[in-house]
$ cat upload-v5.txt   # compact mmCIF, C-alpha atoms and all ligand atoms
# COMPACT_ATOMS: atom_id res chain seq x y z
CA MET A 1 82.98 -14.58 -46.65
CA LEU A 2 84.14 -14.69 -50.25
CA PRO A 3 83.16 -17.93 -52.03
CA HIS A 4 86.42 -19.85 -52.56
CA ASN A 5 86.12 -20.10 -56.36
CA ILE A 6 85.95 -16.33 -56.99
CA GLN A 7 88.70 -14.93 -59.24
CA ALA A 8 87.30 -11.50 -60.11
CA LEU A 9 85.12 -8.75 -58.64
CA ILE A 10 82.86 -6.31 -60.48
CA LEU A 11 82.26 -3.46 -58.05
CA ASP A 12 79.56 -0.84 -57.98
CA MET A 13 81.01 2.38 -56.56
CA ASP A 14 78.46 4.61 -54.82
CA GLY A 15 77.30 2.82 -51.67
CA VAL A 16 80.10 0.22 -51.97
CA LEU A 17 83.29 2.34 -51.98
CA TRP A 18 81.90 5.68 -50.85
CA ARG A 19 78.78 7.58 -49.86
CA GLY A 20 79.05 11.01 -51.45
CA GLU A 21 82.48 12.21 -50.34
CA GLU A 22 82.81 9.73 -47.43
CA PRO A 23 84.84 6.54 -48.01
CA ILE A 24 83.29 3.32 -46.66
CA GLY A 25 86.05 1.80 -44.55
CA ASP A 26 89.81 1.93 -45.07
CA LEU A 27 89.83 1.61 -48.86
CA ALA A 28 93.62 1.49 -49.25
CA ARG A 29 93.73 -1.45 -46.82
CA ILE A 30 90.73 -3.18 -48.43
CA PHE A 31 92.27 -2.95 -51.91
CA GLY A 32 95.59 -4.16 -50.53
CA ARG A 33 93.72 -7.20 -49.26
CA ILE A 34 91.98 -7.70 -52.64
CA ALA A 35 95.35 -7.53 -54.44
CA GLY A 36 96.85 -9.90 -51.88
CA ARG A 37 94.16 -12.46 -52.67
CA GLY A 38 95.02 -12.16 -56.38
CA LEU A 39 91.54 -10.98 -57.35
CA LYS A 40 91.02 -9.03 -60.56
CA VAL A 41 88.78 -5.95 -60.21
CA ALA A 42 86.52 -3.91 -62.47
CA PHE A 43 84.35 -0.94 -61.52
CA ALA A 44 80.93 -0.77 -63.19
CA THR A 45 78.72 2.30 -63.29
CA ASN A 46 75.39 3.25 -64.84
CA ASN A 47 76.62 6.84 -64.99
CA GLY A 48 77.48 7.44 -68.63
CA THR A 49 78.38 11.11 -68.29
CA ARG A 50 81.94 10.69 -67.02
CA THR A 51 84.84 9.05 -68.83
CA PRO A 52 86.85 6.19 -67.26
CA GLU A 53 89.79 8.58 -66.79
CA MET A 54 87.56 10.81 -64.65
CA TYR A 55 86.68 7.80 -62.46
CA VAL A 56 90.32 6.77 -62.15
CA GLU A 57 91.06 10.20 -60.69
CA ARG A 58 88.17 9.91 -58.23
CA LEU A 59 89.24 6.39 -57.22
CA ALA A 60 92.83 7.59 -56.71
CA SER A 61 91.60 10.41 -54.46
CA PHE A 62 90.09 7.68 -52.22
CA GLY A 63 93.32 5.67 -52.25
CA VAL A 64 92.04 3.07 -54.74
CA PRO A 65 94.53 2.25 -57.49
CA ALA A 66 92.87 1.69 -60.88
CA GLU A 67 93.57 1.93 -64.59
CA PRO A 68 91.05 3.25 -67.15
CA TRP A 69 90.38 -0.22 -68.64
CA GLN A 70 89.08 -1.35 -65.24
CA VAL A 71 86.28 1.22 -65.31
CA VAL A 72 83.26 0.12 -67.33
CA THR A 73 80.47 2.63 -67.96
CA SER A 74 76.96 2.25 -69.34
CA ALA A 75 78.10 4.48 -72.22
CA GLN A 76 80.70 1.89 -73.21
CA ALA A 77 78.18 -0.92 -72.88
CA ALA A 78 75.78 1.06 -75.11
CA ALA A 79 78.46 1.49 -77.80
CA GLU A 80 79.17 -2.24 -77.54
CA LEU A 81 75.46 -3.04 -78.04
CA ALA A 82 75.27 -0.71 -81.06
CA ALA A 83 78.01 -2.47 -83.02
CA PRO A 84 76.14 -5.59 -84.22
CA LEU A 85 72.83 -3.70 -84.62
CA LEU A 86 73.87 -1.19 -87.24
CA LEU A 87 71.78 -1.35 -90.37
CA PRO A 88 73.18 -2.10 -93.79
CA PRO A 89 75.26 -0.72 -95.49
CA PHE A 90 77.32 -0.91 -92.29
CA SER A 91 80.19 -3.22 -93.06
CA LEU A 92 83.95 -3.18 -92.73
CA LYS A 93 86.38 -3.44 -95.61
CA LYS A 94 89.67 -5.18 -95.03
CA GLY A 95 91.73 -2.97 -92.77
CA GLY A 96 88.74 -1.87 -90.72
CA GLU A 97 87.64 1.03 -92.92
CA ALA A 98 83.90 1.61 -93.07
CA GLU A 99 82.19 1.35 -96.43
CA GLY A 100 80.11 4.30 -97.55
CA GLY A 101 80.26 7.81 -96.12
CA GLY A 102 78.95 8.22 -92.59
CA ALA A 103 78.20 4.52 -92.30
CA ARG A 104 79.55 4.54 -88.74
CA GLY A 105 77.62 7.61 -87.70
CA VAL A 106 75.63 7.46 -84.46
CA PHE A 107 73.35 10.17 -83.15
CA ALA A 108 73.77 10.34 -79.41
CA ILE A 109 72.13 12.46 -76.76
CA GLY A 110 74.79 12.41 -74.08
CA GLU A 111 77.88 13.97 -72.55
CA ALA A 112 81.65 13.36 -72.74
CA GLY A 113 81.40 9.77 -71.50
CA VAL A 114 79.08 8.74 -74.33
CA MET A 115 80.95 10.58 -77.09
CA GLU A 116 84.30 9.13 -76.03
CA ALA A 117 82.87 5.61 -75.77
CA LEU A 118 81.49 5.87 -79.31
CA ARG A 119 84.80 7.11 -80.77
CA GLU A 120 86.68 4.37 -78.93
CA ARG A 121 84.44 1.76 -80.54
CA GLY A 122 85.08 3.27 -83.99
CA PHE A 123 81.82 5.23 -84.38
CA GLU A 124 81.40 8.86 -85.37
CA PRO A 125 79.15 10.76 -82.94
CA LEU A 126 77.18 13.08 -85.23
CA PRO A 127 76.28 16.69 -84.45
CA VAL A 128 72.56 17.48 -84.45
CA GLU A 129 72.84 19.12 -87.92
CA ARG A 130 73.96 15.75 -89.37
CA ALA A 131 71.63 13.51 -87.32
CA ASP A 132 70.08 12.32 -90.59
CA GLU A 133 73.22 10.28 -91.41
CA ALA A 134 72.93 8.20 -88.24
CA GLN A 135 72.75 4.40 -88.23
CA ALA A 136 71.74 4.17 -84.56
CA VAL A 137 70.46 6.36 -81.72
CA ILE A 138 71.90 6.35 -78.20
CA VAL A 139 70.20 8.21 -75.36
CA SER A 140 71.79 9.14 -72.05
CA ILE A 141 71.67 12.12 -69.71
CA ASP A 142 72.73 15.34 -71.45
CA ARG A 143 72.83 18.57 -69.50
CA GLY A 144 73.00 20.42 -72.84
CA ILE A 145 69.79 18.84 -74.14
CA THR A 146 67.64 20.83 -76.57
CA PHE A 147 64.25 20.37 -78.23
CA GLN A 148 66.07 19.95 -81.55
CA LYS A 149 68.13 17.00 -80.23
CA MET A 150 65.02 15.26 -78.90
CA ALA A 151 63.13 15.90 -82.15
CA GLU A 152 65.94 14.45 -84.30
CA ALA A 153 66.23 11.41 -82.04
CA ALA A 154 62.47 10.80 -82.25
CA LEU A 155 62.51 11.05 -86.05
CA LEU A 156 65.35 8.53 -86.31
CA ILE A 157 63.72 6.10 -83.86
CA ARG A 158 60.43 6.32 -85.75
CA ARG A 159 62.38 5.47 -88.90
CA GLY A 160 63.29 2.15 -87.24
CA LEU A 161 66.94 2.74 -86.33
CA PRO A 162 68.42 0.77 -83.40
CA PHE A 163 67.45 2.62 -80.19
CA ILE A 164 69.76 2.13 -77.23
CA ALA A 165 69.59 3.82 -73.82
CA THR A 166 72.58 3.86 -71.48
CA ASN A 167 70.46 3.21 -68.38
CA PRO A 168 66.91 3.42 -67.06
CA ASP A 169 67.71 5.55 -63.96
CA LYS A 170 64.83 8.02 -63.69
CA THR A 171 66.87 10.55 -61.73
CA PHE A 172 70.45 11.69 -61.33
CA PRO A 173 71.75 12.76 -57.92
CA THR A 174 73.16 16.26 -57.41
CA PRO A 175 74.04 18.12 -54.19
CA ARG A 176 70.72 20.01 -54.56
CA GLY A 177 68.65 16.85 -55.06
CA GLU A 178 67.48 14.54 -57.86
CA ILE A 179 67.29 15.88 -61.42
CA PRO A 180 65.95 14.06 -64.55
CA GLY A 181 68.24 11.13 -65.44
CA ALA A 182 68.78 9.09 -68.61
CA GLY A 183 65.60 7.12 -67.94
CA ALA A 184 63.51 10.29 -67.82
CA TRP A 185 64.78 11.50 -71.20
CA THR A 186 64.37 8.02 -72.63
CA SER A 187 60.74 7.96 -71.48
CA VAL A 188 60.03 11.10 -73.54
CA LEU A 189 61.26 9.28 -76.65
CA VAL A 190 59.33 6.11 -75.76
CA THR A 191 56.16 8.21 -75.47
CA ALA A 192 56.87 10.04 -78.72
CA THR A 193 57.77 6.96 -80.77
CA GLY A 194 55.95 3.99 -79.23
CA ARG A 195 59.26 2.09 -79.23
CA GLU A 196 61.21 0.70 -76.28
CA PRO A 197 65.01 0.95 -76.23
CA ILE A 198 67.57 -1.74 -75.48
CA TYR A 199 69.17 -0.81 -72.17
CA ALA A 200 72.92 -1.13 -71.61
CA GLY A 201 73.17 -0.39 -67.87
CA LYS A 202 71.90 -2.21 -64.79
CA PRO A 203 69.55 -4.01 -64.28
CA ALA A 204 70.18 -5.11 -67.91
CA PRO A 205 73.15 -7.49 -68.19
CA ALA A 206 75.27 -5.78 -70.91
CA LEU A 207 77.35 -3.62 -68.54
CA PHE A 208 78.36 -6.56 -66.33
CA GLU A 209 78.97 -8.78 -69.34
CA LEU A 210 81.37 -6.22 -70.84
CA ALA A 211 83.17 -5.89 -67.47
CA ARG A 212 83.54 -9.66 -67.18
CA ARG A 213 84.96 -9.99 -70.68
CA ARG A 214 87.59 -7.38 -69.85
CA LEU A 215 88.54 -9.28 -66.69
CA GLY A 216 88.74 -12.53 -68.65
CA ALA A 217 87.21 -14.61 -65.84
CA PRO A 218 84.49 -17.24 -66.20
CA LYS A 219 80.95 -16.21 -65.20
CA GLU A 220 80.76 -18.49 -62.18
CA ALA A 221 84.06 -17.07 -60.85
CA THR A 222 83.09 -13.40 -61.23
CA LEU A 223 81.32 -11.83 -58.25
CA VAL A 224 79.11 -8.77 -58.78
CA VAL A 225 79.19 -6.55 -55.67
CA GLY A 226 76.60 -3.82 -55.17
CA ASP A 227 74.40 -2.05 -52.63
CA ARG A 228 71.11 -1.92 -54.56
CA LEU A 229 68.92 -4.95 -55.11
CA GLU A 230 66.89 -3.67 -58.08
CA THR A 231 69.95 -2.63 -60.12
CA ASP A 232 73.19 -4.33 -58.99
CA ILE A 233 71.78 -7.65 -57.83
CA ALA A 234 69.06 -7.90 -60.50
CA GLY A 235 71.67 -7.05 -63.16
CA GLY A 236 74.27 -9.49 -61.87
CA GLN A 237 71.69 -12.25 -61.72
CA ALA A 238 70.45 -11.39 -65.25
CA ALA A 239 74.07 -11.73 -66.41
CA GLY A 240 74.25 -15.16 -64.74
CA MET A 241 76.96 -14.26 -62.23
CA PRO A 242 77.15 -14.80 -58.46
CA CYS A 243 76.26 -11.66 -56.48
CA ALA A 244 77.13 -10.05 -53.16
CA LEU A 245 74.99 -7.37 -51.55
CA VAL A 246 76.76 -5.00 -49.18
CA LEU A 247 74.65 -3.28 -46.54
CA SER A 248 76.66 -0.02 -46.68
CA GLY A 249 74.33 1.68 -49.16
CA VAL A 250 70.70 1.66 -50.27
CA SER A 251 69.23 -1.81 -49.58
CA GLY A 252 68.77 -3.29 -46.11
CA ARG A 253 69.24 -6.80 -44.73
CA GLU A 254 65.56 -7.61 -44.49
CA GLN A 255 64.85 -6.82 -48.16
CA ALA A 256 68.05 -8.63 -49.13
CA GLU A 257 67.06 -11.82 -47.29
CA ALA A 258 63.65 -11.76 -48.96
CA TRP A 259 65.12 -11.26 -52.46
CA GLN A 260 64.49 -13.98 -55.06
CA PRO A 261 66.49 -15.66 -56.47
CA GLU A 262 68.51 -15.87 -53.27
CA ILE A 263 71.67 -13.71 -53.08
CA ASP A 264 74.97 -15.63 -52.82
CA VAL A 265 76.54 -13.39 -50.14
CA ILE A 266 75.22 -10.62 -47.88
CA ALA A 267 78.00 -8.62 -46.15
CA GLU A 268 78.09 -5.54 -43.91
CA ASP A 269 80.48 -3.82 -46.32
CA LEU A 270 83.26 -4.47 -48.83
CA GLY A 271 85.86 -4.76 -46.05
CA ALA A 272 83.89 -7.56 -44.37
CA LEU A 273 83.37 -9.28 -47.72
CA VAL A 274 87.08 -9.58 -48.59
CA GLU A 275 88.48 -10.22 -45.08
MG MG B 301 75.44 1.83 -55.64
$ encode --input "upload-v5.txt" --output "structure tokens"
Amino acid sequence: MLPHNIQALILDMDGVLWRGEEPIGDLARIFGRIAGRGLKVAFATNNGTRTPEMYVERLASFGVPAEPWQVVTSAQAAAELAAPLLLPPFSLKKGGEAEGGGARGVFAIGEAGVMEALRERGFEPLPVERADEAQAVIVSIDRGITFQKMAEAALLIRRGLPFIATNPDKTFPTPRGEIPGAGAWTSVLVTATGREPIYAGKPAPALFELARRRLGAPKEATLVVGDRLETDIAGGQAAGMPCALVLSGVSGREQAEAWQPEIDVIAEDLGALVE
């Protein structure tokens, strides 16, 4: 089923590899098949709360071998988007040292995944007491959110600083049901500031673009695989890559066949796609 020119896969996880704690198919066998075909693989997620290392552990528990560089999160894509947007006096001296104190400071509302992604990209995530030194604002889900954090973020956004949100997901799934997600917190700031953020996660293209650059494959040879039309497929198409919808998750065949622009491949599940 796989188009013959494909060299790399960017895989969504929930609904493609597993549903909750249930694997979808024999994952060890499926990934053996993927390796046998010489395909490079990245895993892309809108969830910015966890670090890549946390995903590697979860993948391993399902029998899927992966290294941290293969996991691309919306938090990393947000940090990537922030880099060229920082206001003057952001600049690098020879040797990569930032000019001016706190010039690489970012105020982020987020959890471990966001803070680690910022440090990795050379930024300093600022505590709320030093929010004033920030050069950009990043908003994600934060289960330690406070009124003070939201107030500082609003003040900075109103001042005109770059405003980036990890993803527009309105809710976040938990065993007890859906709780407010990054998109819900972002909407509070949009209401309070009258400004719209730049989104890093699906259906915006930045997450898939970062994944593709890591894989080093051309766009037309990189297949985005997901189970949700409005996020995975819309995002893959926005990034200009071929897309495969698997029917093992949220979206059904009928909606998939009606989707415009037409989807390159529709498969029952990942196993069927790579057979
Ligand atoms: Mg999914």
$ residues_around --input "upload-v5.txt" --residues "Pro168 in chain A" --least-positions-apart "6" --cutoff "12 Å" --atoms "all atoms listed in the file" --output "mmCIF file with C-alpha atoms, in the coordinates of the input"
data_model
loop_
_atom_site.group_PDB
_atom_site.id
_atom_site.type_symbol
_atom_site.label_atom_id
_atom_site.label_comp_id
_atom_site.auth_asym_id
_atom_site.auth_seq_id
_atom_site.Cartn_x
_atom_site.Cartn_y
_atom_site.Cartn_z
ATOM 1 C CA ASN A 46 75.390 3.250 -64.840
ATOM 2 C CA ASN A 47 76.620 6.840 -64.990
ATOM 3 C CA GLY A 48 77.480 7.440 -68.630
ATOM 4 C CA SER A 74 76.960 2.250 -69.340
ATOM 5 C CA VAL A 139 70.200 8.210 -75.360
ATOM 6 C CA SER A 140 71.790 9.140 -72.050
ATOM 7 C CA ILE A 141 71.670 12.120 -69.710
ATOM 8 C CA PRO A 180 65.950 14.060 -64.550
ATOM 9 C CA GLY A 181 68.240 11.130 -65.440
ATOM 10 C CA ALA A 182 68.780 9.090 -68.610
ATOM 11 C CA GLY A 183 65.600 7.120 -67.940
ATOM 12 C CA ALA A 184 63.510 10.290 -67.820
ATOM 13 C CA TRP A 185 64.780 11.500 -71.200
ATOM 14 C CA THR A 186 64.370 8.020 -72.630
ATOM 15 C CA SER A 187 60.740 7.960 -71.480
ATOM 16 C CA VAL A 190 59.330 6.110 -75.760
ATOM 17 C CA GLU A 196 61.210 0.700 -76.280
ATOM 18 C CA PRO A 197 65.010 0.950 -76.230
ATOM 19 C CA ILE A 198 67.570 -1.740 -75.480
ATOM 20 C CA TYR A 199 69.170 -0.810 -72.170
ATOM 21 C CA ALA A 200 72.920 -1.130 -71.610
ATOM 22 C CA GLY A 201 73.170 -0.390 -67.870
ATOM 23 C CA LYS A 202 71.900 -2.210 -64.790
ATOM 24 C CA PRO A 203 69.550 -4.010 -64.280
ATOM 25 C CA ALA A 204 70.180 -5.110 -67.910
ATOM 26 C CA GLU A 230 66.890 -3.670 -58.080
ATOM 27 C CA THR A 231 69.950 -2.630 -60.120
#
$ residues_near_ligand --input "upload-v5.txt" --ligand "ligand MG 301 (chain B)" --cutoff "6 Å" --atoms "all atoms listed in the file" --output "MDAnalysis selection string"
chainID A and resid 12:15 226:228
$ write_last_selection --input "upload-v5.txt" --atoms "C-alpha atoms" --output "mmCIF file, keeping the file's coordinate frame"
data_model
loop_
_atom_site.group_PDB
_atom_site.id
_atom_site.type_symbol
_atom_site.label_atom_id
_atom_site.label_comp_id
_atom_site.auth_asym_id
_atom_site.auth_seq_id
_atom_site.Cartn_x
_atom_site.Cartn_y
_atom_site.Cartn_z
ATOM 1 C CA ASP A 12 79.560 -0.840 -57.980
ATOM 2 C CA MET A 13 81.010 2.380 -56.560
ATOM 3 C CA ASP A 14 78.460 4.610 -54.820
ATOM 4 C CA GLY A 15 77.300 2.820 -51.670
ATOM 5 C CA GLY A 226 76.600 -3.820 -55.170
ATOM 6 C CA ASP A 227 74.400 -2.050 -52.630
ATOM 7 C CA ARG A 228 71.110 -1.920 -54.560
#
$ atom_distance --input "upload-v5.txt" --atom1 "CA of Ala134 in chain A" --atom2 "CA of Gly110 in chain A"
14.9 Å
$ atom_distance --input "upload-v5.txt" --atom1 "CA of Thr193 in chain A" --atom2 "CA of Leu156 in chain A"
9.5 Å
$ atom_distance --input "upload-v5.txt" --atom1 "CA of Gly194 in chain A" --atom2 "CA of Ala108 in chain A"
18.9 Å
$ closest_residue --input "upload-v5.txt" --among "A:Ala82, A:Ile179, A:Ala239, A:Ile6" --to "Arg121 in chain A" --atoms "only C-alpha atoms"
A:Ala82
$ closest_residue --input "upload-v5.txt" --among "A:Ile266, A:Ile138, A:Val224, A:Val246" --to "Gly105 in chain A" --atoms "only C-alpha atoms"
A:Ile138
